[in-house]
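K.L.:
Sharing my_file-v2.txt, compact mmCIF, C-alpha atoms:
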```txt
# COMPACT_ATOMS: atom_id res chain seq x y z
CA ASP A 69 0.00 0.00 0.00
CA SER A 70 3.00 2.30 -0.41
CA SER A 71 5.00 1.09 -3.42
CA LEU A 72 3.98 -0.67 -6.61
CA SER A 73 7.65 -1.52 -7.19
CA GLU A 74 7.74 -3.40 -3.89
CA LEU A 75 4.50 -5.14 -4.79
CA HIS A 76 5.88 -6.25 -8.17
CA ALA A 77 9.08 -7.50 -6.56
CA PHE A 78 7.12 -9.53 -4.00
CA ALA A 79 4.91 -11.03 -6.70
CA GLU A 80 7.88 -11.93 -8.90
CA ALA A 81 9.70 -13.60 -6.00
CA ALA A 82 6.56 -15.63 -5.25
CA GLY A 83 6.10 -16.66 -8.87
CA VAL A 84 2.87 -14.67 -9.32
CA PRO A 85 2.63 -13.84 -13.04
CA GLN A 86 2.44 -10.25 -14.29
CA ARG A 87 -0.89 -11.11 -15.95
CA ALA A 88 -2.39 -11.33 -12.45
CA PHE A 89 -1.72 -7.61 -11.83
CA ASP A 90 -4.90 -5.53 -11.87
CA LEU A 91 -3.39 -1.99 -11.85
CA ASP A 92 -3.28 -1.64 -8.06
CA HIS A 93 -3.27 -5.26 -6.80
CA TYR A 94 -2.69 -8.86 -7.87
CA ASP A 95 -5.41 -11.48 -8.21
CA VAL A 96 -4.13 -14.86 -6.98
CA ALA A 97 -5.66 -18.31 -6.53
CA ALA A 98 -7.27 -18.85 -3.12
CA GLU A 99 -5.15 -21.94 -2.46
CA ARG A 100 -2.01 -19.75 -2.50
CA TYR A 101 -3.30 -17.41 0.25
CA GLU A 102 -1.57 -19.06 3.22
CA GLU A 103 1.69 -19.43 1.28
CA LEU A 104 1.75 -15.74 0.39
CA VAL A 105 0.98 -14.73 3.98
CA ALA A 106 3.88 -16.94 5.10
CA ARG A 107 6.10 -15.08 2.62
CA GLY A 108 5.25 -11.77 4.27
CA ALA A 109 1.93 -10.58 2.83
CA VAL A 110 -0.25 -8.96 5.50
CA PRO A 111 -3.85 -10.23 5.58
CA VAL A 112 -6.42 -7.40 5.64
CA SER A 113 -10.10 -7.09 4.85
CA GLY A 114 -11.20 -5.87 1.45
CA ARG A 115 -12.48 -2.66 3.01
CA ASP A 116 -9.18 -2.00 4.78
CA LEU A 117 -7.24 -2.73 1.62
CA ALA A 118 -9.33 -0.23 -0.36
CA ARG A 119 -8.89 2.35 2.41
CA ARG A 120 -5.12 1.90 2.49
CA LEU A 121 -4.80 2.10 -1.29
CA ALA A 122 -6.92 5.25 -1.41
CA ALA A 123 -4.87 6.86 1.36
CA SER A 124 -1.61 6.09 -0.46
CA GLY A 125 -2.92 7.39 -3.79
CA LEU A 126 -2.49 4.00 -5.46
CA ARG A 127 -6.17 3.08 -5.70
CA VAL A 128 -7.44 2.83 -9.27
CA PRO A 129 -11.18 3.51 -9.70
CA GLY A 130 -13.22 0.44 -10.61
CA ARG A 131 -14.29 1.73 -14.02
CA GLU A 132 -10.71 2.44 -15.04
CA ARG A 133 -9.59 -0.97 -13.82
CA ARG A 134 -12.33 -2.75 -15.78
CA GLU A 135 -11.46 -0.88 -18.97
CA ALA A 136 -7.77 -1.70 -18.56
CA ARG A 137 -8.19 -5.44 -18.07
CA ARG A 138 -6.47 -7.49 -20.70
CA THR A 139 -9.69 -9.14 -21.86
CA ALA A 140 -11.40 -5.76 -22.29
CA LEU A 141 -8.48 -4.33 -24.25
CA ALA A 142 -8.21 -7.48 -26.38
CA ALA A 143 -11.88 -7.08 -27.30
CA ARG A 144 -11.23 -3.47 -28.29
CA TRP A 145 -8.32 -4.53 -30.47
CA ASP A 146 -10.44 -7.18 -32.18
CA ALA A 147 -13.11 -4.59 -32.94
CA LEU A 148 -10.49 -2.24 -34.38
CA LEU A 149 -8.62 -4.78 -36.51
CA PRO A 150 -10.56 -8.07 -36.67
CA GLY A 151 -8.89 -11.34 -37.51
CA VAL A 152 -5.39 -10.62 -36.20
CA PRO A 153 -5.57 -11.24 -32.44
CA GLU A 154 -1.90 -12.23 -32.41
CA VAL A 155 -0.90 -8.63 -33.16
CA GLY A 156 -3.05 -7.43 -30.30
CA GLU A 157 -1.41 -9.98 -28.00
CA VAL A 158 2.06 -8.72 -28.97
CA LEU A 159 1.00 -5.17 -28.13
CA LEU A 160 -0.70 -6.15 -24.88
CA ASP A 161 2.40 -8.05 -23.78
CA ARG A 162 4.34 -4.84 -24.27
CA TRP A 163 1.79 -2.67 -22.46
CA HIS A 164 1.91 -5.12 -19.52
CA GLU A 165 5.70 -5.00 -19.08
CA PRO A 166 6.43 -4.93 -15.33
CA HIS A 167 8.51 -1.74 -15.34
CA ARG A 168 5.54 0.35 -16.49
CA ALA A 169 3.94 2.10 -13.54
CA TYR A 170 2.18 4.75 -15.65
CA HIS A 171 2.69 3.78 -19.31
CA GLY A 172 0.83 0.51 -18.89
CA PRO A 173 -2.65 -0.83 -19.74
CA GLY A 174 -4.30 1.89 -17.66
CA HIS A 175 -2.74 4.57 -19.85
CA LEU A 176 -3.75 2.72 -23.01
CA ALA A 177 -7.36 2.43 -21.84
CA GLN A 178 -7.36 6.07 -20.77
CA VAL A 179 -6.13 7.47 -24.10
CA LEU A 180 -8.60 5.32 -26.05
CA ARG A 181 -11.40 6.63 -23.83
CA ALA A 182 -10.20 10.23 -24.18
CA ALA A 183 -10.04 9.98 -27.96
CA ALA A 184 -13.66 8.80 -28.04
CA VAL A 185 -14.63 11.78 -25.87
CA VAL A 186 -13.13 14.15 -28.45
CA ASP A 187 -14.47 12.22 -31.46
CA PRO A 188 -17.01 9.41 -30.89
CA ASP A 189 -16.05 7.98 -34.29
CA VAL A 190 -12.27 7.80 -33.88
CA PRO A 191 -10.69 7.21 -37.33
CA ARG A 192 -8.79 3.93 -37.51
CA PRO A 193 -5.33 5.49 -38.11
CA ALA A 194 -5.71 7.54 -34.93
CA ALA A 195 -6.88 4.55 -32.90
CA LEU A 196 -4.01 2.42 -34.20
CA ALA A 197 -1.55 5.19 -33.38
CA LEU A 198 -2.79 5.24 -29.79
CA TRP A 199 -2.30 1.48 -29.52
CA PHE A 200 1.28 1.83 -30.78
CA HIS A 201 2.35 5.20 -29.36
CA ASP A 202 3.96 3.77 -26.19
CA ALA A 203 4.34 0.18 -27.35
CA VAL A 204 8.08 0.68 -26.81
CA HIS A 205 8.76 2.43 -23.52
CA ASP A 206 12.31 2.39 -22.23
CA GLY A 207 12.24 5.98 -20.98
CA VAL A 208 14.45 7.46 -23.71
CA ALA A 209 12.80 10.51 -25.25
CA GLY A 210 12.53 10.40 -29.02
CA GLN A 211 13.94 6.90 -29.35
CA ASP A 212 10.88 5.32 -27.73
CA GLU A 213 8.55 7.03 -30.20
CA GLU A 214 10.74 6.19 -33.19
CA ARG A 215 10.96 2.54 -32.14
CA SER A 216 7.20 2.43 -31.51
CA ALA A 217 6.62 3.83 -35.00
CA ALA A 218 8.98 1.22 -36.44
CA LEU A 219 7.05 -1.50 -34.62
CA ALA A 220 3.82 -0.16 -36.13
CA ARG A 221 5.32 -0.32 -39.61
CA GLU A 222 6.49 -3.88 -38.97
CA LEU A 223 3.29 -5.29 -37.47
CA LEU A 224 0.78 -3.45 -39.66
CA ALA A 225 2.48 -4.20 -42.98
CA GLY A 226 0.02 -6.11 -45.16
CA LEU A 227 -2.84 -5.65 -42.69
CA VAL A 228 -3.84 -2.12 -43.69
CA PRO A 229 -3.03 -0.07 -46.81
CA PRO A 230 0.56 1.24 -47.02
CA GLU A 231 -0.57 4.86 -46.81
CA GLU A 232 -2.39 4.07 -43.55
CA VAL A 233 0.72 2.40 -42.14
CA ALA A 234 2.68 5.54 -42.96
CA GLU A 235 0.05 7.74 -41.31
CA VAL A 236 0.03 5.64 -38.13
CA SER A 237 3.81 5.87 -38.00
CA ARG A 238 3.69 9.66 -38.43
CA LEU A 239 1.11 10.04 -35.67
CA VAL A 240 3.14 7.92 -33.25
CA VAL A 241 6.24 10.08 -33.80
CA LEU A 242 4.11 13.19 -33.28
CA THR A 243 3.60 12.21 -29.63
CA THR A 244 7.29 12.95 -29.00
CA HIS A 245 6.66 16.68 -28.64
CA HIS A 246 2.89 17.07 -29.24
CA ARG A 247 3.37 19.97 -31.64
CA VAL A 248 0.47 19.81 -34.07
CA ALA A 249 -0.04 21.77 -37.30
CA ALA A 250 -3.27 23.76 -37.51
CA ASP A 251 -4.67 21.54 -40.28
CA ASP A 252 -3.65 18.19 -38.74
CA ALA A 253 -6.96 16.85 -37.41
CA LEU A 254 -5.72 13.33 -36.72
CA GLY A 255 -2.56 14.60 -35.06
CA ALA A 256 -4.65 16.88 -32.85
CA LEU A 257 -6.87 13.99 -31.81
CA VAL A 258 -3.96 11.66 -30.96
CA CYS A 259 -1.97 14.28 -29.06
CA ASP A 260 -5.00 15.51 -27.11
CA ALA A 261 -5.82 11.96 -26.08
CA ASP A 262 -2.23 11.36 -25.00
CA LEU A 263 -2.15 14.57 -22.91
CA SER A 264 -5.65 14.22 -21.47
CA ILE A 265 -4.30 12.81 -18.19
CA LEU A 266 -2.96 16.31 -17.47
CA GLY A 267 -6.54 17.54 -17.16
CA SER A 268 -7.45 15.08 -14.40
CA ASP A 269 -8.81 16.16 -11.04
CA GLU A 270 -6.21 16.76 -8.34
CA GLY A 271 -6.37 13.19 -7.02
CA GLY A 272 -6.01 11.64 -10.46
CA TYR A 273 -3.16 13.96 -11.36
CA ALA A 274 -1.34 13.19 -8.10
CA ARG A 275 -1.61 9.47 -8.85
CA TYR A 276 -0.21 10.07 -12.34
CA VAL A 277 2.75 12.01 -10.90
CA ARG A 278 3.52 9.21 -8.43
CA GLN A 279 3.35 6.62 -11.20
CA VAL A 280 5.73 8.60 -13.41
CA ARG A 281 8.21 8.92 -10.54
CA ALA A 282 7.95 5.16 -9.92
CA GLU A 283 8.93 4.47 -13.54
CA TYR A 284 12.10 6.48 -12.97
CA ALA A 285 12.86 5.19 -9.48
CA HIS A 286 16.43 4.48 -10.65
CA VAL A 287 17.00 8.19 -11.36
CA PRO A 288 18.33 10.29 -8.44
CA ASP A 289 15.94 12.89 -7.07
CA GLY A 290 17.89 15.91 -8.30
CA ALA A 291 18.20 14.59 -11.84
CA PHE A 292 14.55 13.63 -11.90
CA ARG A 293 13.44 17.06 -10.70
CA GLU A 294 15.53 18.72 -13.38
CA GLY A 295 14.24 16.50 -16.17
CA ARG A 296 10.63 16.57 -15.06
CA ALA A 297 10.65 20.36 -14.65
CA ALA A 298 12.01 20.70 -18.19
CA VAL A 299 9.14 18.56 -19.49
CA LEU A 300 6.56 20.67 -17.62
CA ARG A 301 8.03 23.93 -18.91
CA SER A 302 8.03 22.55 -22.44
CA LEU A 303 4.35 21.63 -22.14
CA LEU A 304 3.40 24.98 -20.66
CA GLY A 305 5.34 26.62 -23.45
CA LEU A 306 3.12 25.06 -26.09
CA GLY A 307 0.79 28.02 -25.67
CA ARG A 308 -2.25 25.85 -25.98
CA LEU A 309 -1.94 22.33 -24.62
CA PHE A 310 -4.90 20.85 -26.47
CA ALA A 311 -5.29 21.25 -30.20
CA THR A 312 -8.95 20.25 -30.56
CA ALA A 313 -11.81 22.48 -29.46
CA GLU A 314 -13.33 19.71 -27.34
CA GLY A 315 -10.02 18.80 -25.73
CA SER A 316 -9.34 22.42 -24.87
CA ARG A 317 -12.82 22.89 -23.44
CA ARG A 318 -12.59 19.78 -21.27
CA TRP A 319 -8.97 19.74 -20.09
CA GLU A 320 -7.04 22.97 -20.77
CA GLN A 321 -7.81 24.90 -17.60
CA ALA A 322 -7.33 21.96 -15.22
CA ALA A 323 -4.18 20.82 -17.03
CA ARG A 324 -2.50 24.21 -16.76
CA ALA A 325 -3.35 24.43 -13.07
CA ASN A 326 -1.95 20.92 -12.49
CA LEU A 327 1.27 21.59 -14.39
CA GLU A 328 1.89 24.94 -12.73
CA ARG A 329 1.24 23.49 -9.27
CA GLU A 330 3.61 20.56 -9.85
CA LEU A 331 6.28 22.86 -11.29
CA ALA A 332 6.06 25.14 -8.25
CA VAL A 333 6.61 22.12 -5.99
CA LEU A 334 9.60 20.96 -8.05
CA ASP A 335 11.14 24.45 -8.08
CA GLY A 336 10.62 24.71 -4.32
CA GLN A 337 12.36 21.39 -3.76
CA ALA A 338 15.23 22.39 -6.03
CA THR A 339 16.02 25.48 -3.97
CA VAL A 340 16.78 23.38 -0.88
CA ALA A 341 18.36 20.38 -2.60
CA SER A 342 22.00 19.82 -3.39
CA THR A 343 23.03 20.30 -6.99
CA VAL A 344 23.15 16.99 -8.84
CA THR A 345 25.20 16.54 -11.98
CA SER A 346 23.56 13.88 -14.12
CA THR A 347 25.38 11.71 -16.64
CA LEU A 348 22.24 9.71 -17.36
CA PRO A 349 20.90 9.43 -20.91
CA ARG A 350 18.17 11.86 -21.85
CA VAL A 351 14.83 10.54 -20.64
CA ALA A 352 11.27 11.72 -21.05
CA PHE A 353 10.05 11.92 -17.41
CA GLU A 354 6.45 12.02 -18.66
```
Could the structure of this file be written out as structure tokens, please?

P.N.:
Amino acid sequence: DSSLSELHAFAEAAGVPQRAFDLDHYDVAAERYEELVARGAVPVSGRDLARRLAASGLRVPGRERREARRTALAARWDALLPGVPEVGEVLLDRWHEPHRAYHGPGHLAQVLRAAAVVDPDVPRPAALALWFHDAVHDGVAGQDEERSAALARELLAGLVPPEEVAEVSRLVVLTTHHRVAADDALGALVCDADLSILGSDEGGYARYVRQVRAEYAHVPDGAFREGRAAVLRSLLGLGRLFATAEGSRRWEQAARANLERELAVLDGQATVASTVTSTLPRVAFE
């Protein structure tokens, strides 16, 4: 109830598969209960568990958890591109990689939902781009998007027309910096969906921030603050965060307030922290 990284490590040591993870907890067979308690798990009631998770900011709302379940996402993939479930399985395996605290199935479900809010009839190239946009996530800005685009070109070849493959690839790369031309309707839709988390309520945004930090737990605090602050300033410098009218109406005001509040906290921490010289590779921190 304090660290998803600790939870993942415990599950791995006990041989609990990653597929059992349900965004904020693992589902395990009842016959393993006593064994896991003997390994150090603390037995609590369902109500107490929910209370602890909520207090720690790790609790994922039920609706979001249902949408992010593998079976639900697999059904969405089949509706998008019928007849090739194996491609969906490859993508879902990637989205379920254990190092992803934020850029996992919850993020995928969230961007698909956000896109449908902006446009109830999401064009297929935009939907495919959202499925692929973080399919590769190693935390290296620019390279992740390029490698995700390359994966899209590889897996979609022969399944959709070549011009659609090229468009999906272009849209994936666009999520590197979210700078959208005025006449790029599909780019606006994809980027707005990807950034929609920024317009969450305070609780949802705080959970997002904690998840991002967890993905970069290996990065020292000073280096993380510097990199994260640069990302926030870059986003605030876009002028207008959301390129679609609906995205701007729904998320712009809350997103700016969230970003400015987080940046103020980071700047305040930096004034009392020791200077850290980082030799780490450039990472996204978003």

K.L.:
Hey, can you check how far CA of Ala82 in chain A sits from CA of Glu103 in chain A?

P.N.:
9.0 Å

K.L.:
Which is closest to Val228 in chain A among A:Leu148, A:Leu176, A:Ala261, A:Val204, if we use only C-alpha atoms?

P.N.:
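Closest to Val228 in chain A, using only C-alpha atoms: A:Leu148.
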
K.L.:
Quick one: contact table of range 114-160 of chain A to range 221-227 of chain A, 12 Å max, nearest atom pair and distance in Å to one decimal per residue, counting all atoms listed in the file, chain and number order, as a Markdown table?

P.N.:
```
| residue | atom | partner | partner_atom | distance |
| --- | --- | --- | --- | --- |
| A:Leu148 | CA | A:Leu227 | CA | 11.8 |
| A:Leu149 | CA | A:Leu227 | CA | 8.5 |
| A:Pro150 | CA | A:Leu227 | CA | 10.1 |
| A:Gly151 | CA | A:Leu227 | CA | 9.8 |
| A:Val152 | CA | A:Leu227 | CA | 8.6 |
| A:Pro153 | CA | A:Leu223 | CA | 11.8 |
| A:Glu154 | CA | A:Leu223 | CA | 10.0 |
| A:Val155 | CA | A:Leu223 | CA | 6.9 |
| A:Gly156 | CA | A:Leu223 | CA | 9.8 |
| A:Glu157 | CA | A:Leu223 | CA | 11.6 |
| A:Val158 | CA | A:Leu223 | CA | 9.2 |
| A:Leu159 | CA | A:Leu223 | CA | 9.6 |
```

K.L.:
What is the CA of Thr244 in chain A-CA of Pro288 in chain A distance in Å, reported with one decimal?

P.N.:
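Those two atoms sit 23.5 Å apart.
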
K.L.:
Within 12 Å of (3.3, 4.9, -36.4) (file coordinates; all atoms listed in the file), which protein or nucleic acid residues are there? I'd like them as a ChimeraX atom specification.

P.N.:
/A:193-204,212-225,230-244,255,258

K.L.:
One decimal, Å: what's the distance from CA of Ala98 in chain A over to CA of Glu132 in chain A, could you say?

P.N.:
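It comes out at 24.6 Å.
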
K.L.:
Measuring between all atoms listed in the file, which one of A:Ala81, A:Leu75, A:Ala143, A:Ala291 shows the shortest distance to Tyr94 in chain A?

P.N.:
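Distance minimum relative to Tyr94 in chain A lands on A:Leu75.
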
K.L.:
Report as a PyMOL selection string all protein, DNA and RNA residues lying within 8 Å of Ala169 in chain A, evaluated on all atoms listed in the file, omitting residues in the same chain fewer than 5 positions from it.

P.N.:
chain A and resi 72+279-280+282-283

K.L.:
Grab the residues selected above and save them as an mmCIF file, in the coordinates of the input with C-alpha atoms.

P.N.:
```cif
data_model
loop_
_atom_site.group_PDB
_atom_site.id
_atom_site.type_symbol
_atom_site.label_atom_id
_atom_site.label_comp_id
_atom_site.auth_asym_id
_atom_site.auth_seq_id
_atom_site.Cartn_x
_atom_site.Cartn_y
_atom_site.Cartn_z
ATOM 1 C CA LEU A 72 3.980 -0.670 -6.610
ATOM 2 C CA GLN A 279 3.350 6.620 -11.200
ATOM 3 C CA VAL A 280 5.730 8.600 -13.410
ATOM 4 C CA ALA A 282 7.950 5.160 -9.920
ATOM 5 C CA GLU A 283 8.930 4.470 -13.540
#
```

K.L.:
Pick the closest to Asp335 in chain A from A:Ala298, A:Val105, A:Ala183, A:Val248: which is it, counting all atoms listed in the file?

P.N.:
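Residue with the minimum atom-to-atom distance to Asp335 in chain A: A:Ala298.
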
K.L.:
Can you work out which one of A:Leu121, A:Leu334, A:Leu327, A:Ala79 has the shortest atom-to-atom distance to Arg107 in chain A, counting only C-alpha atoms?

P.N.:
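Looking at the shortest contact to Arg107 in chain A, the residue is A:Ala79.
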
K.L.:
Taking all atoms listed in the file into account, which of A:Leu141, A:Val110, A:Ala311, A:Ala285 comes nearest Ser73 in chain A?

P.N.:
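Result for the nearest residue to Ser73 in chain A: A:Ala285.
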
K.L.:
Quick one: of A:Gly305, A:Ala253, A:His171, A:Gly83, who's nearest to Val190 in chain A, counting all atoms listed in the file?

P.N.:
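Nearest to Val190 in chain A: A:Ala253.
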
K.L.:
Can you pull out every residue within 10 Å of range 322-324 of chain A, counting all atoms listed in the file, but drop anything in the same chain fewer than 4 positions away, and send it as a ChimeraX atom specification?

P.N.:
/A:263-270,273,300,303-304,308-310,316-318,328-330

K.L.:
Extract, using only C-alpha atoms, all DNA, RNA and protein residues at most 9 Å from Asp69 in chain A, discarding same-chain residues fewer than 4 positions from it, and format them as an NGL selection string.

P.N.:
:A and (75 or 92 or 117 or 120-127)

K.L.:
Keeping only C-alpha atoms, take the residues you just selected and write them out as an mmCIF file, in the coordinates of the input.

P.N.:
```cif
data_model
loop_
_atom_site.group_PDB
_atom_site.id
_atom_site.type_symbol
_atom_site.label_atom_id
_atom_site.label_comp_id
_atom_site.auth_asym_id
_atom_site.auth_seq_id
_atom_site.Cartn_x
_atom_site.Cartn_y
_atom_site.Cartn_z
ATOM 1 C CA LEU A 75 4.500 -5.140 -4.790
ATOM 2 C CA ASP A 92 -3.280 -1.640 -8.060
ATOM 3 C CA LEU A 117 -7.240 -2.730 1.620
ATOM 4 C CA ARG A 120 -5.120 1.900 2.490
ATOM 5 C CA LEU A 121 -4.800 2.100 -1.290
ATOM 6 C CA ALA A 122 -6.920 5.250 -1.410
ATOM 7 C CA ALA A 123 -4.870 6.860 1.360
ATOM 8 C CA SER A 124 -1.610 6.090 -0.460
ATOM 9 C CA GLY A 125 -2.920 7.390 -3.790
ATOM 10 C CA LEU A 126 -2.490 4.000 -5.460
ATOM 11 C CA ARG A 127 -6.170 3.080 -5.700
#
```

K.L.:
Show me, as a list in words, the residues that have an atom within 12 Å of Thr139 in chain A when counting only C-alpha atoms, minus same-chain residues fewer than 6 positions from it.

P.N.:
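Listing them by chain and then by number gives Arg87, Asp90, Arg133, Trp145, Asp146, Pro153, Gly156, Glu157, Leu160, Pro173 and Ala177 of chain A.
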
K.L.:
Would you pull range 141-161 of chain A out of the block just shown and save N, CA, C and O atoms as an mmCIF file, in the first residue's frame?

P.N.:
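Printed below is result-v6.cif as written:
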```cif
data_model
loop_
_atom_site.group_PDB
_atom_site.id
_atom_site.type_symbol
_atom_site.label_atom_id
_atom_site.label_comp_id
_atom_site.auth_asym_id
_atom_site.auth_seq_id
_atom_site.Cartn_x
_atom_site.Cartn_y
_atom_site.Cartn_z
ATOM 1 N N LEU A 141 -9.304 -4.942 -23.204
ATOM 2 C CA LEU A 141 -8.479 -4.328 -24.246
ATOM 3 C C LEU A 141 -8.355 -5.235 -25.469
ATOM 4 O O LEU A 141 -8.355 -4.760 -26.610
ATOM 5 N N ALA A 142 -8.274 -6.548 -25.245
ATOM 6 C CA ALA A 142 -8.208 -7.479 -26.376
ATOM 7 C C ALA A 142 -9.469 -7.392 -27.223
ATOM 8 O O ALA A 142 -9.412 -7.457 -28.459
ATOM 9 N N ALA A 143 -10.616 -7.228 -26.566
ATOM 10 C CA ALA A 143 -11.879 -7.084 -27.300
ATOM 11 C C ALA A 143 -11.877 -5.798 -28.113
ATOM 12 O O ALA A 143 -12.386 -5.764 -29.247
ATOM 13 N N ARG A 144 -11.309 -4.736 -27.558
ATOM 14 C CA ARG A 144 -11.235 -3.467 -28.291
ATOM 15 C C ARG A 144 -10.321 -3.600 -29.503
ATOM 16 O O ARG A 144 -10.606 -3.046 -30.572
ATOM 17 N N TRP A 145 -9.213 -4.328 -29.338
ATOM 18 C CA TRP A 145 -8.325 -4.530 -30.472
ATOM 19 C C TRP A 145 -9.033 -5.322 -31.567
ATOM 20 O O TRP A 145 -8.922 -4.981 -32.759
ATOM 21 N N ASP A 146 -9.748 -6.352 -31.192
ATOM 22 C CA ASP A 146 -10.442 -7.182 -32.183
ATOM 23 C C ASP A 146 -11.488 -6.383 -32.943
ATOM 24 O O ASP A 146 -11.701 -6.612 -34.134
ATOM 25 N N ALA A 147 -12.128 -5.441 -32.260
ATOM 26 C CA ALA A 147 -13.108 -4.587 -32.937
ATOM 27 C C ALA A 147 -12.424 -3.614 -33.894
ATOM 28 O O ALA A 147 -12.978 -3.248 -34.935
ATOM 29 N N LEU A 148 -11.221 -3.200 -33.549
ATOM 30 C CA LEU A 148 -10.489 -2.244 -34.377
ATOM 31 C C LEU A 148 -9.891 -2.902 -35.606
ATOM 32 O O LEU A 148 -9.974 -2.366 -36.717
ATOM 33 N N LEU A 149 -9.276 -4.076 -35.409
ATOM 34 C CA LEU A 149 -8.618 -4.779 -36.510
ATOM 35 C C LEU A 149 -8.937 -6.268 -36.393
ATOM 36 O O LEU A 149 -8.133 -7.060 -35.896
ATOM 37 N N PRO A 150 -10.127 -6.674 -36.845
ATOM 38 C CA PRO A 150 -10.564 -8.065 -36.669
ATOM 39 C C PRO A 150 -9.662 -9.063 -37.406
ATOM 40 O O PRO A 150 -9.073 -8.750 -38.434
ATOM 41 N N GLY A 151 -9.569 -10.248 -36.825
ATOM 42 C CA GLY A 151 -8.893 -11.336 -37.507
ATOM 43 C C GLY A 151 -7.410 -11.460 -37.258
ATOM 44 O O GLY A 151 -6.773 -12.394 -37.764
ATOM 45 N N VAL A 152 -6.834 -10.526 -36.483
ATOM 46 C CA VAL A 152 -5.391 -10.616 -36.200
ATOM 47 C C VAL A 152 -5.154 -10.465 -34.696
ATOM 48 O O VAL A 152 -4.446 -9.561 -34.251
ATOM 49 N N PRO A 153 -5.739 -11.360 -33.896
ATOM 50 C CA PRO A 153 -5.574 -11.237 -32.437
ATOM 51 C C PRO A 153 -4.124 -11.364 -31.995
ATOM 52 O O PRO A 153 -3.749 -10.837 -30.950
ATOM 53 N N GLU A 154 -3.304 -12.049 -32.802
ATOM 54 C CA GLU A 154 -1.903 -12.231 -32.412
ATOM 55 C C GLU A 154 -1.162 -10.897 -32.350
ATOM 56 O O GLU A 154 -0.265 -10.707 -31.522
ATOM 57 N N VAL A 155 -1.537 -9.958 -33.211
ATOM 58 C CA VAL A 155 -0.901 -8.634 -33.164
ATOM 59 C C VAL A 155 -1.318 -7.910 -31.886
ATOM 60 O O VAL A 155 -0.495 -7.289 -31.207
ATOM 61 N N GLY A 156 -2.586 -8.013 -31.542
ATOM 62 C CA GLY A 156 -3.052 -7.427 -30.295
ATOM 63 C C GLY A 156 -2.347 -8.024 -29.094
ATOM 64 O O GLY A 156 -2.005 -7.316 -28.143
ATOM 65 N N GLU A 157 -2.094 -9.331 -29.120
ATOM 66 C CA GLU A 157 -1.405 -9.980 -28.003
ATOM 67 C C GLU A 157 0.030 -9.479 -27.876
ATOM 68 O O GLU A 157 0.534 -9.278 -26.765
ATOM 69 N N VAL A 158 0.696 -9.278 -29.011
ATOM 70 C CA VAL A 158 2.058 -8.724 -28.973
ATOM 71 C C VAL A 158 2.051 -7.349 -28.312
ATOM 72 O O VAL A 158 2.887 -7.037 -27.445
ATOM 73 N N LEU A 159 1.088 -6.519 -28.705
ATOM 74 C CA LEU A 159 1.003 -5.170 -28.133
ATOM 75 C C LEU A 159 0.658 -5.229 -26.650
ATOM 76 O O LEU A 159 1.260 -4.512 -25.832
ATOM 77 N N LEU A 160 -0.293 -6.069 -26.287
ATOM 78 C CA LEU A 160 -0.697 -6.146 -24.881
ATOM 79 C C LEU A 160 0.437 -6.678 -24.012
ATOM 80 O O LEU A 160 0.605 -6.239 -22.867
ATOM 81 N N ASP A 161 1.233 -7.595 -24.535
ATOM 82 C CA ASP A 161 2.402 -8.052 -23.782
ATOM 83 C C ASP A 161 3.335 -6.886 -23.492
ATOM 84 O O ASP A 161 3.902 -6.776 -22.392
#
```
